[in-house]
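This is coords.pdb (PDB, C-alpha atoms and all ligand atoms).
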```pdb
ATOM      1  CA  MET A  27     150.208 119.025 240.183
ATOM      2  CA  ALA A  28     153.864 118.919 239.117
ATOM      3  CA  ASP A  29     154.827 119.400 242.790
ATOM      4  CA  GLY A  30     153.186 116.042 243.573
ATOM      5  CA  GLY A  31     150.168 117.650 245.169
ATOM      6  CA  ARG A  32     146.649 116.398 244.469
ATOM      7  CA  TYR A  33     144.866 119.233 246.235
ATOM      8  CA  ARG A  34     143.348 120.865 243.162
ATOM      9  CA  ARG A  35     140.267 119.592 241.287
ATOM     10  CA  ARG A  36     139.151 121.283 238.122
ATOM     11  CA  ARG A  37     137.067 121.295 234.985
ATOM     12  CA  HIS A  38     137.726 123.279 231.848
ATOM     13  CA  ALA A  39     135.899 124.637 228.802
ATOM     14  CA  ALA A  40     136.818 126.908 225.893
ATOM     15  CA  PHE A  41     134.597 129.368 224.069
ATOM     16  CA  SER A  42     134.771 131.858 221.252
ATOM     17  CA  HIS A  43     133.198 135.294 221.336
ATOM     18  CA  VAL A  44     132.254 136.208 217.825
ATOM     19  CA  ASP A  45     129.483 138.407 216.395
ATOM     20  CA  GLY A  46     128.279 139.210 219.900
ATOM     21  CA  GLN A  47     127.772 135.548 220.818
ATOM     22  CA  VAL A  48     129.742 133.315 223.172
ATOM     23  CA  VAL A  49     129.917 129.860 221.568
ATOM     24  CA  ARG A  50     131.482 126.799 223.141
ATOM     25  CA  LYS A  51     134.426 125.252 221.285
ATOM     26  CA  PRO A  52     135.114 121.517 221.034
ATOM     27  CA  HIS A  53     136.784 120.210 224.184
ATOM     28  CA  GLN A  54     140.478 120.989 224.026
ATOM     29  CA  PRO A  55     143.554 120.938 226.231
ATOM     30  CA  HIS A  56     144.579 123.896 228.334
ATOM     31  CA  PHE A  57     148.019 125.217 227.468
ATOM     32  CA  GLN A  58     150.120 127.631 229.490
ATOM     33  CA  SER A  59     153.636 128.568 228.567
ATOM     34  CA  ARG A  60     156.324 127.936 231.170
ATOM     35  CA  ASP A  61     156.944 131.690 230.976
ATOM     36  CA  TYR A  62     153.708 132.090 232.917
ATOM     37  CA  ASN A  63     153.528 128.828 234.816
ATOM     38  CA  PRO A  64     156.960 127.536 235.886
ATOM     39  CA  LEU A  65     155.324 124.709 237.855
ATOM     40  CA  ASN A  66     152.902 123.214 235.324
ATOM     41  CA  GLY A  67     153.735 125.083 232.112
ATOM     42  CA  ASP A  68     154.715 124.049 228.586
ATOM     43  CA  VAL A  69     152.521 120.975 228.529
ATOM     44  CA  GLN A  70     149.042 120.515 227.138
ATOM     45  CA  ARG A  71     146.826 119.577 230.020
ATOM     46  CA  TRP A  72     143.471 117.840 229.559
ATOM     47  CA  PHE A  73     140.837 118.348 232.211
ATOM     48  CA  GLU A  74     137.332 117.011 232.543
ATOM     49  CA  PRO A  75     134.905 119.195 230.581
ATOM     50  CA  VAL A  76     132.722 121.742 232.333
ATOM     51  CA  LEU A  77     129.208 120.315 232.424
ATOM     52  CA  PRO A  78     126.483 121.939 230.290
ATOM     53  CA  THR A  79     124.534 122.800 233.446
ATOM     54  CA  LEU A  80     127.284 125.314 234.221
ATOM     55  CA  ALA A  81     128.398 126.287 230.713
ATOM     56  CA  ASP A  82     124.841 127.031 229.547
ATOM     57  CA  ASN A  83     123.679 128.517 232.831
ATOM     58  CA  PRO A  84     122.152 132.000 232.487
ATOM     59  CA  VAL A  85     124.419 133.214 235.295
ATOM     60  CA  THR A  86     127.508 132.054 233.388
ATOM     61  CA  GLN A  87     126.247 133.744 230.245
ATOM     62  CA  ALA A  88     125.573 136.945 232.228
ATOM     63  CA  ILE A  89     129.126 136.844 233.582
ATOM     64  CA  PHE A  90     130.499 136.515 230.038
ATOM     65  CA  ASP A  91     128.370 139.458 228.905
ATOM     66  CA  THR A  92     129.345 141.644 231.874
ATOM     67  CA  CYS A  93     133.072 140.965 231.492
ATOM     68  CA  ILE A  94     132.987 141.542 227.734
ATOM     69  CA  ALA A  95     131.142 144.835 228.240
ATOM     70  CA  VAL A  96     133.822 146.082 230.662
ATOM     71  CA  ILE A  97     136.691 144.796 228.545
ATOM     72  CA  SER A  98     135.256 146.359 225.402
ATOM     73  CA  ASP A  99     135.129 149.703 227.206
ATOM     74  CA  VAL A 100     138.853 149.527 227.959
ATOM     75  CA  ASP A 101     140.466 147.705 225.044
ATOM     76  CA  ALA A 102     140.566 149.089 221.526
ATOM     77  CA  PRO A 103     138.303 147.122 219.170
ATOM     78  CA  VAL A 104     139.977 144.472 217.006
ATOM     79  CA  PRO A 105     137.736 143.702 214.027
ATOM     80  CA  ASN A 106     137.456 140.153 212.690
ATOM     81  CA  ASN A 107     139.408 138.679 215.575
ATOM     82  CA  PRO A 108     137.307 136.390 217.761
ATOM     83  CA  ARG A 109     137.971 136.569 221.456
ATOM     84  CA  HIS A 110     139.152 133.270 222.997
ATOM     85  CA  ILE A 111     137.610 132.513 226.372
ATOM     86  CA  GLU A 112     138.524 129.748 228.821
ATOM     87  CA  LEU A 113     136.401 128.793 231.797
ATOM     88  CA  HIS A 114     137.950 126.952 234.728
ATOM     89  CA  GLN A 115     136.155 125.484 237.721
ATOM     90  CA  PHE A 116     138.606 125.097 240.591
ATOM     91  CA  ARG A 117     138.262 123.371 243.914
ATOM     92  CA  ILE A 118     141.234 123.676 246.261
ATOM     93  CA  GLU A 119     141.088 121.322 249.213
ATOM     94  CA  THR A 120     143.125 121.608 252.354
ATOM     95  CA  THR A 121     143.854 118.981 254.995
ATOM     96  CA  PRO A 122     146.281 118.830 257.913
ATOM     97  CA  ASP A 123     148.621 116.766 255.653
ATOM     98  CA  HIS A 124     148.273 118.767 252.430
ATOM     99  CA  ILE A 125     147.936 122.514 252.636
ATOM    100  CA  GLY A 126     145.759 123.825 249.809
ATOM    101  CA  ARG A 127     147.604 126.305 247.606
ATOM    102  CA  PRO A 128     145.317 128.076 245.129
ATOM    103  CA  THR A 129     148.352 129.507 243.290
ATOM    104  CA  PRO A 130     151.473 127.500 244.166
ATOM    105  CA  GLU A 131     153.480 129.645 241.728
ATOM    106  CA  GLY A 132     152.854 132.754 243.846
ATOM    107  CA  LEU A 133     152.232 136.125 242.208
ATOM    108  CA  HIS A 134     151.873 135.441 238.488
ATOM    109  CA  ARG A 135     150.265 136.290 235.185
ATOM    110  CA  ASP A 136     148.018 133.812 233.398
ATOM    111  CA  GLY A 137     149.414 134.893 230.011
ATOM    112  CA  VAL A 138     146.055 136.156 228.751
ATOM    113  CA  ASP A 139     144.512 139.632 228.398
ATOM    114  CA  TRP A 140     141.942 139.559 231.201
ATOM    115  CA  VAL A 141     141.245 137.277 234.163
ATOM    116  CA  PHE A 142     137.928 137.137 236.005
ATOM    117  CA  VAL A 143     137.841 135.292 239.344
ATOM    118  CA  MET A 144     134.608 134.716 241.241
ATOM    119  CA  LEU A 145     134.253 133.025 244.597
ATOM    120  CA  VAL A 146     131.667 130.246 244.553
ATOM    121  CA  CYS A 147     132.136 128.719 248.001
ATOM    122  CA  ARG A 148     134.423 128.847 251.026
ATOM    123  CA  GLN A 149     133.665 125.790 253.128
ATOM    124  CA  ASN A 150     135.334 125.737 256.552
ATOM    125  CA  VAL A 151     138.178 127.855 255.154
ATOM    126  CA  ARG A 152     140.245 130.715 256.480
ATOM    127  CA  ASP A 153     142.873 132.721 254.571
ATOM    128  CA  GLY A 154     143.058 132.338 250.785
ATOM    129  CA  VAL A 155     143.631 136.079 250.412
ATOM    130  CA  THR A 156     143.863 137.453 246.869
ATOM    131  CA  GLU A 157     147.008 139.530 246.316
ATOM    132  CA  ILE A 158     147.758 141.754 243.352
ATOM    133  CA  GLY A 159     151.056 143.229 242.212
ATOM    134  CA  ALA A 160     152.767 145.362 239.604
ATOM    135  CA  PRO A 161     154.669 143.594 236.788
ATOM    136  CA  ASP A 162     157.924 143.955 238.777
ATOM    137  CA  GLY A 163     156.371 142.073 241.698
ATOM    138  CA  THR A 164     155.734 145.094 243.899
ATOM    139  CA  GLY A 165     152.636 144.414 245.968
ATOM    140  CA  LEU A 166     149.662 146.610 245.147
ATOM    141  CA  GLY A 167     147.156 145.306 247.626
ATOM    142  CA  SER A 168     145.233 142.335 248.918
ATOM    143  CA  PHE A 169     141.605 141.485 249.566
ATOM    144  CA  LEU A 170     139.433 138.541 250.431
ATOM    145  CA  LEU A 171     136.865 137.113 248.044
ATOM    146  CA  GLU A 172     134.679 136.157 250.957
ATOM    147  CA  ASP A 173     131.082 135.655 249.917
ATOM    148  CA  PRO A 174     129.693 133.725 246.952
ATOM    149  CA  GLY A 175     129.671 136.071 243.975
ATOM    150  CA  ASP A 176     132.563 138.227 245.212
ATOM    151  CA  ALA A 177     134.670 138.743 242.114
ATOM    152  CA  VAL A 178     137.612 140.547 240.561
ATOM    153  CA  LEU A 179     138.367 141.344 236.922
ATOM    154  CA  LEU A 180     142.088 141.900 236.272
ATOM    155  CA  ASP A 181     143.989 143.247 233.301
ATOM    156  CA  ASP A 182     146.476 140.354 233.123
ATOM    157  CA  ARG A 183     148.858 142.374 230.941
ATOM    158  CA  ARG A 184     149.363 144.932 233.725
ATOM    159  CA  ILE A 185     148.619 143.215 237.039
ATOM    160  CA  LEU A 186     150.020 140.091 238.727
ATOM    161  CA  HIS A 187     147.753 138.017 240.954
ATOM    162  CA  GLY A 188     148.065 135.262 243.524
ATOM    163  CA  VAL A 189     146.155 133.692 246.394
ATOM    164  CA  THR A 190     147.581 132.714 249.788
ATOM    165  CA  GLU A 191     147.332 129.194 251.225
ATOM    166  CA  ILE A 192     144.045 128.094 252.681
ATOM    167  CA  HIS A 193     143.644 126.502 256.100
ATOM    168  CA  ALA A 194     140.745 124.729 257.738
ATOM    169  CA  VAL A 195     138.888 126.589 260.467
ATOM    170  CA  ASP A 196     138.016 123.188 261.968
ATOM    171  CA  PRO A 197     140.735 120.675 260.966
ATOM    172  CA  THR A 198     138.453 117.715 261.707
ATOM    173  CA  CYS A 199     136.017 118.720 258.909
ATOM    174  CA  ARG A 200     136.355 118.987 255.126
ATOM    175  CA  ALA A 201     137.697 122.322 253.952
ATOM    176  CA  TYR A 202     137.751 123.663 250.409
ATOM    177  CA  ARG A 203     137.552 126.828 248.316
ATOM    178  CA  ASP A 204     135.667 126.828 245.000
ATOM    179  CA  VAL A 205     136.175 129.519 242.373
ATOM    180  CA  LEU A 206     135.261 130.181 238.786
ATOM    181  CA  VAL A 207     138.072 131.610 236.679
ATOM    182  CA  ILE A 208     137.368 132.981 233.202
ATOM    183  CA  THR A 209     140.148 134.246 230.948
ATOM    184  CA  PHE A 210     139.780 136.409 227.841
ATOM    185  CA  THR A 211     142.380 136.666 225.076
ATOM    186  CA  ARG A 212     142.498 138.216 221.634
TER
HETATM  187 FE    FE B 301     146.186 132.805 237.708
END
```
Output the file's structure in the form of structure tokens.
Ligand SMILES: [Fe+2]
Amino acid sequence: MADGGRYRRRRHAAFSHVDGQVVRKPHQPHFQSRDYNPLNGDVQRWFEPVLPTLADNPVTQAIFDTCIAVISDVDAPVPNNPRHIELHQFRIETTPDHIGRPTPEGLHRDGVDWVFVMLVCRQNVRDGVTEIGAPDGTGLGSFLLEDPGDAVLLDDRRILHGVTEIHAVDPTCRAYRDVLVITFTR
């Protein structure tokens, strides 16, 4: 992390949704403009690739299909314009020395159209509350993705999101929060 932290582990993959199929793209860097990520933006960042066991997993494919079905209900169709999808596996660790910050930039946009966040695991973790806000930063609510599979799908053009720091329930044991984040952009 540009703040010197090493509390975030991640893998990354990119896909294209075209002709009703989600197809993996060659491994590529993740790019976020500094407009959306003041901390780590404006640089191409290479991460380890998501392993095929996750990318090709029927559950992952079902998540793609479900999100695309919802998105297609809301957004006007754009013919001949493949949808770009990025999949991020995140693990945020927290220790007494380094507090785990899922979103060190606070309430933010990802700079995409839609963001899907699904909790995979909370191991010995408290807090890590998801907060959402209006584009002007006004808070709109907060909720906890608590159990594996708890998820949120956000219209990134209209809603800011952030997650509070995580803390260990038992500071003598490992503590981490795993999520899957999938973004969709035209
Ligand atoms: Fe985000």
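Separating atom CA of A:Gln115 from atom CA of A:Arg60 is a distance of 21.3 Å.
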Once you count all atoms listed in the file, which residues end up within 7 Å of ligand FE 301 (chain B), and could you hand them over as a PyMOL selection string?
chain A and resi 129+134-136+187-188
Hey, what comes out of the PyMOL selection byres (((chain A and resi 80) around 12) and not hetatm) on this file? Could you write it as a list of chain:residue names?
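The output of the PyMOL selection byres (((chain A and resi 80) around 12) and not hetatm) on this file is A:Arg37, A:His38, A:Ala39, A:Arg50, A:Pro75, A:Val76, A:Leu77, A:Pro78, A:Thr79, A:Ala81, A:Asp82, A:Asn83, A:Pro84, A:Val85, A:Thr86, A:Gln87, A:Ala88, A:Ile89, A:Leu113, A:His114, A:Gln115, A:Leu206.
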Selection result for the PyMOL selection byres (((chain A and resi 177-183) around 9) and not hetatm) on this file, as a PyMOL selection string
chain A and resi 93+97+135-145+161+171+174-176+184-187
Given the PyMOL selection byres (((chain A and resi 148) around 9) and not hetatm), the residues it picks as a PyMOL selection string
chain A and resi 145-147+149-152+172-174+201-205
Using Å and a single decimal, report how far atom CA of A:Glu131 sits from atom CA of A:Tyr62.
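The value is 9.1 Å.
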